[in-house]
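Q: Can you keep this structure in mind? I'll have questions shortly.
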Amino acid sequence: MKVNTLQRYGLRAMIEIALDEEQHGVFQKNIASRQKISLQYLDRIISGLKTAGLIINKRGRKSGYILAMPASDITTLDILNAFQADVQIVNCVSPNVECILKDICVANSFWEGLNTCIKDYLKSISLQNLVDRKKRLDAKVKE
């Protein structure tokens, strides 16, 4: 499994939006500037996050973005899944793939176990956890 650029930048964009705890709305140009993401590429990221129901416009078309639900209710798995159907470490553990060796393949159970560990880890880290880490990091830098 390789985390793609949309997923990596999507996570960074979500952290930026979640840091706006007053929910005033974060403008796309500000996310792009702070995260060093082109506006054109950020359009794709924002679209994916909106389609997944993770963010909404604060007010109208030219407004900032806010979280669609509390940061504590959004997992890192939710964010990654906004850009890829499901996290699968290898194709043979995907529910859509029927491997003819599945019943006799020892490696398959290993991959399934590893995939489960990764998904469980991603489910265990909320967006709020990352925001809290960011705040601690910022406080440490200011010292």
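Letters A, B, ... go to the chains of the structure tokens in the order shown; residues in each chain start at 1; ligands are counted from 1 in the same order.
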Considering only C-alpha atoms, tabulate each residue of segment 12-52 of chain A that lies at most 9 Å from segment 111-131 of chain A along with its nearest interatomic pair and the corresponding distance in Å to one decimal; arrange the rows by chain and ascending residue number and present them as a tab-separated table.
A:
residue	atom	partner	partner_atom	distance
A:Met14	CA	A:Leu127	CA	7.6
A:Ile15	CA	A:Val131	CA	6.2
A:Glu16	CA	A:Val131	CA	8.5
A:Ala18	CA	A:Val131	CA	6.9
A:Leu19	CA	A:Val131	CA	6.4
Q: Please dump the current selection as a PDB file, in the first residue's frame; keep N, CA and C atoms.
A:
ATOM      1  N   MET A  14      -7.138  18.848   5.861  1.00  0.00           N
ATOM      2  CA  MET A  14      -8.105  18.617   6.934  1.00  0.00           C
ATOM      3  C   MET A  14      -7.578  19.144   8.273  1.00  0.00           C
ATOM      4  N   ILE A  15      -6.290  18.998   8.518  1.00  0.00           N
ATOM      5  CA  ILE A  15      -5.712  19.536   9.751  1.00  0.00           C
ATOM      6  C   ILE A  15      -5.846  21.055   9.764  1.00  0.00           C
ATOM      7  N   GLU A  16      -5.557  21.695   8.625  1.00  0.00           N
ATOM      8  CA  GLU A  16      -5.704  23.162   8.531  1.00  0.00           C
ATOM      9  C   GLU A  16      -7.134  23.590   8.842  1.00  0.00           C
ATOM     10  N   ALA A  18      -9.417  21.886  10.508  1.00  0.00           N
ATOM     11  CA  ALA A  18      -9.757  21.545  11.894  1.00  0.00           C
ATOM     12  C   ALA A  18      -9.134  22.509  12.903  1.00  0.00           C
ATOM     13  N   LEU A  19      -8.025  23.124  12.543  1.00  0.00           N
ATOM     14  CA  LEU A  19      -7.394  24.091  13.441  1.00  0.00           C
ATOM     15  C   LEU A  19      -8.252  25.344  13.628  1.00  0.00           C
TER      16      LEU A  19
END
Q: Choose the residue, out of A:Gly53, A:Val90, A:Tyr41, A:Gln23, that has the smallest atom-to-atom separation from Asp78 of chain A; count only C-alpha atoms.
A: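 So, comparing all the options, the nearest one is A:Gly53.
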Q: Using only C-alpha atoms, which of the listed residues (A:Ala82, A:Glu21, A:Met69, A:Arg59) sits closest to Ser47 of chain A?
A: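 Ranking A:Ala82, A:Glu21, A:Met69, A:Arg59 by distance to Ser47 of chain A, first place goes to A:Ala82.
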Q: What are the DSSP alpha helix (DSSP H) residues of segment 1-123 of chain A, as a PyMOL selection string?
A: chain A and resi 5-18+28-35+39-51+76-81+106-123
Q: Quick one: residues within 10 Å of Tyr9 of chain A, only C-alpha atoms counted, chain neighbours fewer than 2 positions away excluded, as a PyMOL selection string?
A: chain A and resi 4-7+11-15+32+35-37+41-42+45+80
Q: Save the residues we just selected, N, CA and C atoms, as a short mmCIF file (atom, residue, chain, number, x, y, z; two decimals), in the first residue's frame?
A:
data_model
loop_
_atom_site.label_atom_id
_atom_site.label_comp_id
_atom_site.auth_asym_id
_atom_site.auth_seq_id
_atom_site.Cartn_x
_atom_site.Cartn_y
_atom_site.Cartn_z
N ASN A 4 -1.14 7.90 -1.54
CA ASN A 4 -0.90 8.79 -2.67
C ASN A 4 -0.90 10.26 -2.24
N THR A 5 -0.53 11.12 -3.16
CA THR A 5 -0.40 12.55 -2.87
C THR A 5 -1.73 13.17 -2.49
N LEU A 6 -2.81 12.77 -3.14
CA LEU A 6 -4.13 13.30 -2.77
C LEU A 6 -4.43 12.99 -1.30
N GLN A 7 -4.11 11.80 -0.88
CA GLN A 7 -4.37 11.41 0.50
C GLN A 7 -3.48 12.19 1.48
N LEU A 11 -4.99 15.01 4.04
CA LEU A 11 -4.83 14.98 5.49
C LEU A 11 -4.33 16.33 5.99
N ARG A 12 -3.36 16.91 5.30
CA ARG A 12 -2.83 18.21 5.69
C ARG A 12 -3.91 19.30 5.58
N ALA A 13 -4.71 19.25 4.54
CA ALA A 13 -5.80 20.23 4.38
C ALA A 13 -6.82 20.08 5.50
N MET A 14 -7.14 18.85 5.86
CA MET A 14 -8.10 18.62 6.93
C MET A 14 -7.58 19.14 8.27
N ILE A 15 -6.29 19.00 8.52
CA ILE A 15 -5.71 19.54 9.75
C ILE A 15 -5.85 21.06 9.76
N ALA A 32 -3.76 26.53 0.74
CA ALA A 32 -2.74 26.36 -0.30
C ALA A 32 -1.44 27.03 0.11
N GLN A 35 0.17 25.26 3.31
CA GLN A 35 0.59 23.88 3.07
C GLN A 35 1.42 23.70 1.80
N LYS A 36 1.67 24.80 1.10
CA LYS A 36 2.49 24.75 -0.13
C LYS A 36 1.90 23.77 -1.15
N ILE A 37 0.59 23.93 -1.38
CA ILE A 37 -0.14 23.12 -2.36
C ILE A 37 -0.69 24.07 -3.40
N TYR A 41 -4.36 21.99 -7.68
CA TYR A 41 -4.35 20.64 -7.09
C TYR A 41 -5.26 20.60 -5.86
N LEU A 42 -5.28 21.68 -5.11
CA LEU A 42 -6.13 21.74 -3.93
C LEU A 42 -7.61 21.66 -4.31
N ILE A 45 -8.48 18.12 -4.17
CA ILE A 45 -8.50 17.65 -2.78
C ILE A 45 -9.79 18.09 -2.10
N LEU A 80 -8.35 9.21 4.29
CA LEU A 80 -7.70 8.47 3.20
C LEU A 80 -8.74 7.87 2.26
#
Q: As a ChimeraX atom specification, please: every residue in chain A that DSSP puts in strand (DSSP E).
A: /A:55-57,65-67
Q: For the selection just defined, write its residues with C-alpha atoms to a file, as a PDB file, in the first residue's frame.
A:
ATOM      1  CA  ILE A  55     -16.119  19.352   4.909  1.00  0.00           C
ATOM      2  CA  ILE A  56     -18.716  21.892   3.855  1.00  0.00           C
ATOM      3  CA  ASN A  57     -18.720  25.528   2.755  1.00  0.00           C
ATOM      4  CA  TYR A  65     -14.487  25.536   4.588  1.00  0.00           C
ATOM      5  CA  ILE A  66     -15.422  24.023   7.910  1.00  0.00           C
ATOM      6  CA  LEU A  67     -15.621  20.459   9.139  1.00  0.00           C
TER       7      LEU A  67
END
Q: Got a sec: who's within 10 Å of Lys2 of chain A, counting only C-alpha atoms, leaving out chain neighbours fewer than 5 positions off, as a PyMOL selection string?
A: chain A and resi 7+87-89
Q: Check the smallest atom-to-atom distance from each of A:Gly10, A:Ala68, A:Ala107, A:Glu22 to Arg44 of chain A using only C-alpha atoms, then report the winner.
A: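 Residue with the minimum atom-to-atom distance to Arg44 of chain A: A:Gly10.
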Q: Mind giving me the straight-line distance from atom CA of Gly48 of chain A to atom CA of Arg8 of chain A in Å, one decimal?
A: 12.6 Å
Q: Could you tell me how far atom CA of Gly64 of chain A lies from atom CA of Leu77 of chain A, in Å and to one decimal?
A: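 Taking atom CA of Gly64 of chain A as the start and atom CA of Leu77 of chain A as the end point, the length is 23.8 Å.
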